$ cat start_29.cif   # mmCIF, C-alpha atoms, pLDDT in the B column; chains and numbers go by the auth columns
data_protein
#
loop_
_atom_site.group_PDB
_atom_site.id
_atom_site.type_symbol
_atom_site.label_atom_id
_atom_site.label_comp_id
_atom_site.label_asym_id
_atom_site.label_seq_id
_atom_site.Cartn_x
_atom_site.Cartn_y
_atom_site.Cartn_z
_atom_site.B_iso_or_equiv
_atom_site.auth_seq_id
_atom_site.auth_asym_id
ATOM 1 C CA MET A 1 25.468 -21.054 99.979 69.00 244 R
ATOM 2 C CA LYS A 2 25.594 -20.678 96.211 82.00 245 R
ATOM 3 C CA ASN A 3 24.565 -23.569 93.922 89.00 246 R
ATOM 4 C CA LYS A 4 23.811 -25.993 96.770 88.00 247 R
ATOM 5 C CA LEU A 5 21.725 -29.149 96.355 88.00 248 R
ATOM 6 C CA THR A 6 18.607 -28.292 98.327 90.00 249 R
ATOM 7 C CA HIS A 7 15.810 -30.617 97.227 92.00 250 R
ATOM 8 C CA PHE A 8 15.118 -33.897 95.471 94.00 251 R
ATOM 9 C CA ALA A 9 12.019 -35.626 94.158 93.00 252 R
ATOM 10 C CA ILE A 10 11.245 -39.317 94.063 94.00 253 R
ATOM 11 C CA TYR A 11 8.655 -40.324 91.471 92.00 254 R
ATOM 12 C CA THR A 12 6.287 -43.125 92.475 91.00 255 R
ATOM 13 C CA ASP A 13 3.719 -45.498 91.062 92.00 256 R
ATOM 14 C CA ASP A 14 2.220 -46.035 94.529 92.00 257 R
ATOM 15 C CA ILE A 15 2.767 -43.133 96.930 93.00 258 R
ATOM 16 C CA ASN A 16 1.624 -45.077 100.022 93.00 259 R
ATOM 17 C CA ARG A 17 3.977 -47.968 99.289 93.00 260 R
ATOM 18 C CA ALA A 18 6.884 -45.554 98.708 94.00 261 R
ATOM 19 C CA LYS A 19 6.046 -43.559 101.850 94.00 262 R
ATOM 20 C CA SER A 20 6.038 -46.725 103.953 94.00 263 R
ATOM 21 C CA PHE A 21 9.354 -47.862 102.447 92.00 264 R
ATOM 22 C CA TYR A 22 11.176 -44.592 103.172 93.00 265 R
ATOM 23 C CA GLU A 23 9.671 -44.288 106.654 93.00 266 R
ATOM 24 C CA GLN A 24 10.985 -47.760 107.492 92.00 267 R
ATOM 25 C CA VAL A 25 14.366 -47.495 105.779 80.00 268 R
ATOM 26 C CA PHE A 26 15.461 -43.913 106.566 87.00 269 R
ATOM 27 C CA ASP A 27 13.019 -42.829 109.311 89.00 270 R
ATOM 28 C CA TRP A 28 11.906 -39.962 107.067 95.00 271 R
ATOM 29 C CA GLY A 29 8.753 -38.055 107.917 96.00 272 R
ATOM 30 C CA PHE A 30 6.105 -36.895 105.457 96.00 273 R
ATOM 31 C CA THR A 31 3.595 -34.072 105.267 95.00 274 R
ATOM 32 C CA SER A 32 0.730 -33.570 102.868 92.00 275 R
ATOM 33 C CA TYR A 33 1.201 -30.805 100.335 86.00 276 R
ATOM 34 C CA GLY A 34 -1.758 -30.242 98.057 87.00 277 R
ATOM 35 C CA PRO A 35 -2.906 -33.267 96.061 92.00 278 R
ATOM 36 C CA THR A 36 -3.009 -36.755 97.619 94.00 279 R
ATOM 37 C CA ASP A 37 -0.346 -37.971 95.171 95.00 280 R
ATOM 38 C CA PHE A 38 2.257 -35.436 96.320 95.00 281 R
ATOM 39 C CA MET A 39 3.965 -35.311 99.736 96.00 282 R
ATOM 40 C CA GLN A 40 6.855 -33.398 101.226 95.00 283 R
ATOM 41 C CA ILE A 41 9.709 -35.469 102.662 96.00 284 R
ATOM 42 C CA LYS A 42 11.178 -34.437 106.016 96.00 285 R
ATOM 43 C CA ALA A 43 14.619 -35.452 107.279 93.00 286 R
ATOM 44 C CA ASP A 44 12.993 -36.997 110.344 94.00 287 R
ATOM 45 C CA GLN A 45 9.557 -37.814 111.717 94.00 288 R
ATOM 46 C CA THR A 46 9.299 -34.845 114.076 95.00 289 R
ATOM 47 C CA GLU A 47 6.643 -32.181 113.567 92.00 290 R
ATOM 48 C CA HIS A 48 9.196 -29.572 112.498 93.00 291 R
ATOM 49 C CA GLY A 49 11.611 -31.808 110.593 94.00 292 R
ATOM 50 C CA GLU A 50 13.649 -30.151 107.843 94.00 293 R
ATOM 51 C CA LEU A 51 12.009 -30.400 104.409 93.00 294 R
ATOM 52 C CA ILE A 52 14.412 -32.179 102.087 94.00 295 R
ATOM 53 C CA GLY A 53 12.382 -33.452 99.163 95.00 296 R
ATOM 54 C CA ALA A 54 9.139 -34.602 97.605 94.00 297 R
ATOM 55 C CA LEU A 55 7.464 -37.931 97.032 94.00 298 R
ATOM 56 C CA GLN A 56 5.267 -37.506 93.980 93.00 299 R
ATOM 57 C CA ALA A 57 3.266 -39.336 91.329 92.00 300 R
ATOM 58 C CA ARG A 58 4.926 -39.869 87.975 92.00 301 R
ATOM 59 C CA LYS A 59 2.388 -37.568 86.306 93.00 302 R
ATOM 60 C CA TYR A 60 4.360 -34.606 87.691 91.00 303 R
ATOM 61 C CA SER A 61 7.415 -35.471 85.600 92.00 304 R
ATOM 62 C CA PRO A 62 8.089 -33.110 82.699 91.00 305 R
ATOM 63 C CA ILE A 63 9.208 -36.021 80.473 90.00 306 R
ATOM 64 C CA GLN A 64 7.228 -39.029 79.215 90.00 307 R
ATOM 65 C CA GLU A 65 9.833 -41.681 79.989 89.00 308 R
ATOM 66 C CA LYS A 66 9.663 -43.288 83.415 89.00 309 R
ATOM 67 C CA ILE A 67 12.277 -41.666 85.649 85.00 310 R
ATOM 68 C CA ILE A 68 14.281 -44.122 87.719 84.00 311 R
ATOM 69 C CA GLY A 69 16.356 -42.160 90.171 84.00 312 R
ATOM 70 C CA LEU A 70 16.037 -38.839 91.940 87.00 313 R
ATOM 71 C CA GLU A 71 15.228 -35.436 90.462 90.00 314 R
ATOM 72 C CA CYS A 72 17.521 -32.971 92.247 93.00 315 R
ATOM 73 C CA THR A 73 17.075 -29.237 92.740 94.00 316 R
ATOM 74 C CA ILE A 74 19.992 -26.803 92.972 93.00 317 R
ATOM 75 C CA THR A 75 19.385 -23.449 94.678 93.00 318 R
ATOM 76 C CA VAL A 76 20.809 -20.643 92.523 93.00 319 R
ATOM 77 C CA GLU A 77 21.167 -16.885 92.898 94.00 320 R
ATOM 78 C CA ASN A 78 19.852 -15.938 89.437 95.00 321 R
ATOM 79 C CA ILE A 79 17.563 -18.371 87.618 96.00 322 R
ATOM 80 C CA ASP A 80 17.581 -16.350 84.386 97.00 323 R
ATOM 81 C CA GLU A 81 21.379 -16.667 84.197 94.00 324 R
ATOM 82 C CA ILE A 82 21.165 -20.402 84.835 95.00 325 R
ATOM 83 C CA ILE A 83 18.569 -20.861 82.067 95.00 326 R
ATOM 84 C CA GLN A 84 20.871 -19.044 79.663 95.00 327 R
ATOM 85 C CA LYS A 85 23.849 -21.156 80.737 94.00 328 R
ATOM 86 C CA VAL A 86 21.848 -24.371 80.311 95.00 329 R
ATOM 87 C CA GLU A 87 20.846 -23.363 76.783 94.00 330 R
ATOM 88 C CA ASN A 88 24.381 -22.235 75.899 94.00 331 R
ATOM 89 C CA ASN A 89 25.975 -25.446 77.128 92.00 332 R
ATOM 90 C CA GLY A 90 23.888 -28.139 75.478 91.00 333 R
ATOM 91 C CA GLY A 91 21.064 -28.500 77.988 93.00 334 R
ATOM 92 C CA ASN A 92 17.382 -28.703 77.095 94.00 335 R
ATOM 93 C CA ILE A 93 14.866 -26.581 79.042 96.00 336 R
ATOM 94 C CA LEU A 94 11.766 -28.686 79.801 97.00 337 R
ATOM 95 C CA MET A 95 9.914 -26.317 82.121 97.00 338 R
ATOM 96 C CA HIS A 96 10.533 -22.627 81.664 97.00 339 R
ATOM 97 C CA LYS A 97 10.823 -20.279 84.626 98.00 340 R
ATOM 98 C CA THR A 98 7.767 -20.987 86.772 97.00 341 R
ATOM 99 C CA ALA A 99 6.575 -19.388 90.007 97.00 342 R
ATOM 100 C CA ILE A 100 6.103 -21.410 93.162 95.00 343 R
ATOM 101 C CA PRO A 101 4.070 -19.048 95.392 94.00 344 R
ATOM 102 C CA THR A 102 5.936 -17.902 98.527 94.00 345 R
ATOM 103 C CA VAL A 103 8.923 -20.116 97.589 94.00 346 R
ATOM 104 C CA GLY A 104 10.531 -18.732 94.443 97.00 347 R
ATOM 105 C CA TRP A 105 11.194 -19.536 90.791 98.00 348 R
ATOM 106 C CA ILE A 106 11.938 -22.955 89.314 97.00 349 R
ATOM 107 C CA THR A 107 13.067 -24.315 85.960 96.00 350 R
ATOM 108 C CA LYS A 108 13.536 -27.946 84.927 96.00 351 R
ATOM 109 C CA PHE A 109 15.972 -29.121 82.288 92.00 352 R
ATOM 110 C CA LEU A 110 17.889 -32.076 80.907 92.00 353 R
ATOM 111 C CA ASP A 111 21.653 -31.925 81.037 89.00 354 R
ATOM 112 C CA PRO A 112 23.537 -33.096 77.925 84.00 355 R
ATOM 113 C CA GLU A 113 23.551 -36.641 79.365 77.00 356 R
ATOM 114 C CA GLY A 114 19.751 -36.715 79.708 85.00 357 R
ATOM 115 C CA ASN A 115 19.626 -36.252 83.490 84.00 358 R
ATOM 116 C CA LEU A 116 16.653 -34.276 84.828 92.00 359 R
ATOM 117 C CA ILE A 117 17.797 -31.323 86.967 92.00 360 R
ATOM 118 C CA CYS A 118 15.921 -28.417 88.572 94.00 361 R
ATOM 119 C CA ALA A 119 17.237 -24.986 89.470 94.00 362 R
ATOM 120 C CA MET A 120 15.413 -22.791 91.969 96.00 363 R
ATOM 121 C CA GLN A 121 15.850 -19.167 92.944 96.00 364 R
ATOM 122 C CA SER A 122 14.386 -18.437 96.375 96.00 365 R
ATOM 123 C CA ASP A 123 11.967 -15.507 96.525 97.00 366 R
ATOM 124 C CA THR A 124 9.301 -15.532 99.243 96.00 367 R
ATOM 125 C CA ASN A 125 7.536 -12.599 97.522 97.00 368 R
ATOM 126 C CA VAL A 126 6.552 -14.661 94.465 95.00 369 R
ATOM 127 C CA ARG A 127 2.786 -14.992 94.136 92.00 370 R
#
$ encode --input "start_29.cif" --output "structure tokens"
Amino acid sequence: MKNKLTHFAIYTDDINRAKSFYEQVFDWGFTSYGPTDFMQIKADQTEHGELIGALQARKYSPIQEKIIGLECTITVENIDEIIQKVENNGGNILMHKTAIPTVGWITKFLDPEGNLICAMQSDTNVR
């Protein structure tokens, strides 16, 4: 599906506290992914639950202000086109096209209202 919301990130001050909260409230599952201050969120607590987001330390934010809310990622067909459209329509690119190995390409930007949005183009061949 084109331009579908596919991922979100929740920034935390205390990843263990946040993990416990979301486990108890939504029955989400979590898996480690690299550093201890970054976890993947699964839709449920089963071993093969669908990955839906990330729980991550605030240091991973591309802006200095404390983000209150969710950072959402939209899957797109052509990230270069999206970057151009963002720039042409009043958005502000914060993180230029960046590779996520075996996942694809990502860019982060502010919309004209100051909301942090990510766009990702899937490409399992990215290294």
$ residues_around --input "start_29.cif" --residues "stretch 303-311 of chain R" --least-positions-apart "5" --cutoff "9 Å" --atoms "all atoms listed in the file" --output "PyMOL selection string"
chain R and resi 253-254+281+337-338+351-352+359
$ resolve_selection --input "start_29.cif" --expression "the PyMOL selection byres ((chain R and resi 296) around 10)" --output "PyMOL selection string"
chain R and resi 249-253+273+282-286+293-295+297-299+313-316
$ atom_distance --input "start_29.cif" --atom1 "atom CA of R:Pro355" --atom2 "atom CA of R:Gly334"
5.2 Å
$ residues_around --input "start_29.cif" --residues "R:Ser365" --least-positions-apart "4" --cutoff "12 Å" --atoms "all atoms listed in the file" --output "list in words"
Met244, Lys245, Asn246, Thr249, Thr316, Ile317, Thr318, Val319, Glu320, Asn321, Ile322, Thr341, Ala342, Ile343, Pro344, Thr345, Val346, Gly347, Trp348, Ile349 and Val369 of chain R
$ resolve_selection --input "start_29.cif" --expression "the PyMOL selection byres ((chain R and resi 326-331) around 9)" --output "ChimeraX atom specification"
/R:321-325,332-336,339-340,350,352-354,362
$ atom_distance --input "start_29.cif" --atom1 "atom CA of R:Ala261" --atom2 "atom CA of R:Asp287"
15.7 Å
$ atom_distance --input "start_29.cif" --atom1 "atom CA of R:Gln364" --atom2 "atom CA of R:Gly277"
21.4 Å
$ resolve_selection --input "start_29.cif" --expression "the PyMOL selection byres ((chain R and resi 255) around 6)" --output "list in words"
Tyr254, Asp256, Asp257, Ile258, Gln299, Ala300 and Arg301 of chain R
